[in-house]
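S.K.: After the structure tokens below, expect a handful of questions from me.
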Amino acid sequence: MKTDEIISIFDEQAPNYDSRWKRMAPVSDALYFFVKTIFARLPEKARILCVGAGTGKEIVFLAKYFPDWRFTVVEPSQGMIDVCRKTMENKGLTQRCMFHEGFLDTLPKDREHDAATCFFVSQFILEQDERSDFFKQIAIRLEPKGLLVSADLVADIFSKDYPDLLELWLKVMSDAEVDEPALHKMKETYENDVAVLPSQKVKSIIALGGFDTPVRFYQAGLIQAFFAQRSKEID
């Protein structure tokens, strides 16, 4: 799937995105719960790079617990970033955010951040070298010991367990009131337009992007999340 097609899909989904996935909140809330602990060692006035921030759910969550943190919101979908802006305005968080509509590589490299979040973004990069370069683009915008938290769809699609896991995951989506046509489309997307890779491969891709060996800290269905510290040396 081309980048303009991905943007178009998220533009279309933006107005109802949060309400559509509301019943999946236990999954995302548990992820954010771990992230809060991972990021707890960051400076009191930390700067957080939120790559593919969407409607800004992780920002709202983190801002509540860390009142002096500031956030760089990177999002290529105009629809999504418009919803994010409105959410931040309603929550009184606008002054703590810098909004950048565009892809990460268009964000100036001289902005240094203490940590970065990247949720369900890198999975859309099908070529593994390009995916590693994407993580490198994050790494060069972090402080020398900056932290990354990344989550994507992760699985060994050739394992004997995968069909059962996929069936369970799609059932979970169905319970979240996603209609049958959308489920069918989602399955096709997983097969053709999303790089669903085994955990070790994803860890290798992140490490090649300029991070120490990532640690997997969370799994729910097909979702896995990792944290990693920026390497001392980035080629």
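Please note that chains go A, B, ... in the order of the structure tokens, that every chain numbers its residues from 1, and that ligands are numbered from 1 in the order shown.
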May I have the residues within 8 Å of Thr117 in chain A as an NGL selection string, using only C-alpha atoms and disregarding those fewer than 2 positions away in the same chain?

M.R.: :A and (48-51 or 115 or 119 or 148-150)

S.K.: Could you make a table, as CSV, of the residues of range 69-186 of chain A that have an atom within 9 Å of an atom of range 223-230 of chain A, each with its nearest atom pair and distance in Å to one decimal, counting only C-alpha atoms, in chain and number order?

M.R.:
residue,atom,partner,partner_atom,distance
A:Ala115,CA,A:Gln229,CA,8.8
A:Phe119,CA,A:Ala225,CA,8.4
A:Phe120,CA,A:Ile223,CA,8.8
A:Ala139,CA,A:Arg230,CA,6.1
A:Ile140,CA,A:Arg230,CA,8.7
A:Leu142,CA,A:Arg230,CA,7.4
A:Glu143,CA,A:Arg230,CA,7.9
A:Pro144,CA,A:Arg230,CA,6.2
A:Lys145,CA,A:Arg230,CA,5.3
A:Gly146,CA,A:Arg230,CA,5.4
A:Leu147,CA,A:Gln229,CA,4.6
A:Leu148,CA,A:Ala228,CA,5.3
A:Val149,CA,A:Phe227,CA,4.5
A:Ser150,CA,A:Phe226,CA,5.4
A:Ala151,CA,A:Ala225,CA,4.0
A:Asp152,CA,A:Ile223,CA,5.7
A:Leu153,CA,A:Ile223,CA,4.6
A:Val154,CA,A:Gln224,CA,5.8
A:Ala155,CA,A:Ile223,CA,8.3

S.K.: From the options A:Gln137, A:Gly79, A:Phe217, A:Glu127, which residue's atoms come nearest to Leu104 in chain A, counting only C-alpha atoms?

M.R.: A:Gln137

S.K.: Select, from A:Lys57, A:Lys232, A:Arg47, A:Lys201, the residue with the minimum atom-to-atom distance to Met98 in chain A, counting only C-alpha atoms.

M.R.: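 Using only C-alpha atoms, Met98 in chain A sits closest to A:Arg47.
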
S.K.: Using DSSP on the backbone, list every residue of range 46-223 of chain A that comes out as alpha helix (DSSP H), and give them as an MDAnalysis selection string.

M.R.: chainID A and resid 57:65 78:90 128:139 162:175 180:192 199:208

S.K.: So, counting only C-alpha atoms, which residue among A:Ser231, A:Ser174, A:Thr72, A:Thr37 is closest to Ala53 in chain A?

M.R.: A:Thr72

S.K.: Find the spatial neighbours of range 165-167 of chain A, counting only C-alpha atoms, within a cut-off of 12 Å - ignore same-chain residues fewer than 6 positions away - and output them as a list in words.

M.R.: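 With the cut-off at 12 Å, the set is Leu153, Val154, Ala155, Asp156, Ile157, Phe158, Ser159, Met173, Ser174, Leu183, His184, Met186, Lys187, Glu188, Tyr190, Glu191, Val196, Ala220, Gly221, Leu222 and Ile223 of chain A.
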
S.K.: Write the residues of the selection above to a file with C-alpha atoms, as a PDB file, in the first residue's frame.

M.R.:
ATOM      1  CA  LEU A 153       1.490  -6.215  14.799  1.00  0.00           C
ATOM      2  CA  VAL A 154       4.056  -8.967  15.372  1.00  0.00           C
ATOM      3  CA  ALA A 155       3.815 -12.705  14.687  1.00  0.00           C
ATOM      4  CA  ASP A 156       5.427 -15.598  12.875  1.00  0.00           C
ATOM      5  CA  ILE A 157       2.889 -15.984  10.098  1.00  0.00           C
ATOM      6  CA  PHE A 158       4.428 -19.325   9.080  1.00  0.00           C
ATOM      7  CA  SER A 159       4.088 -20.927  12.512  1.00  0.00           C
ATOM      8  CA  MET A 173     -11.917  -7.129  16.501  1.00  0.00           C
ATOM      9  CA  SER A 174     -15.420  -8.440  15.867  1.00  0.00           C
ATOM     10  CA  LEU A 183     -12.844  -7.729   9.220  1.00  0.00           C
ATOM     11  CA  HIS A 184     -12.383  -9.277   5.786  1.00  0.00           C
ATOM     12  CA  MET A 186      -8.413  -6.232   7.733  1.00  0.00           C
ATOM     13  CA  LYS A 187      -7.372  -9.832   7.059  1.00  0.00           C
ATOM     14  CA  GLU A 188      -6.430  -8.943   3.478  1.00  0.00           C
ATOM     15  CA  TYR A 190      -2.482  -8.148   7.160  1.00  0.00           C
ATOM     16  CA  GLU A 191      -1.604 -10.438   4.266  1.00  0.00           C
ATOM     17  CA  VAL A 196       3.726  -8.776  10.187  1.00  0.00           C
ATOM     18  CA  ALA A 220      -1.852  -8.754  23.519  1.00  0.00           C
ATOM     19  CA  GLY A 221      -3.035 -10.891  20.637  1.00  0.00           C
ATOM     20  CA  LEU A 222      -1.051  -9.848  17.567  1.00  0.00           C
ATOM     21  CA  ILE A 223       0.287  -6.720  19.262  1.00  0.00           C
TER      22      ILE A 223
END

S.K.: From the list A:Met88, A:Ile138, A:Val35, A:Ile234, which residue is nearest Asp110 in chain A when using only C-alpha atoms?

M.R.: A:Ile138
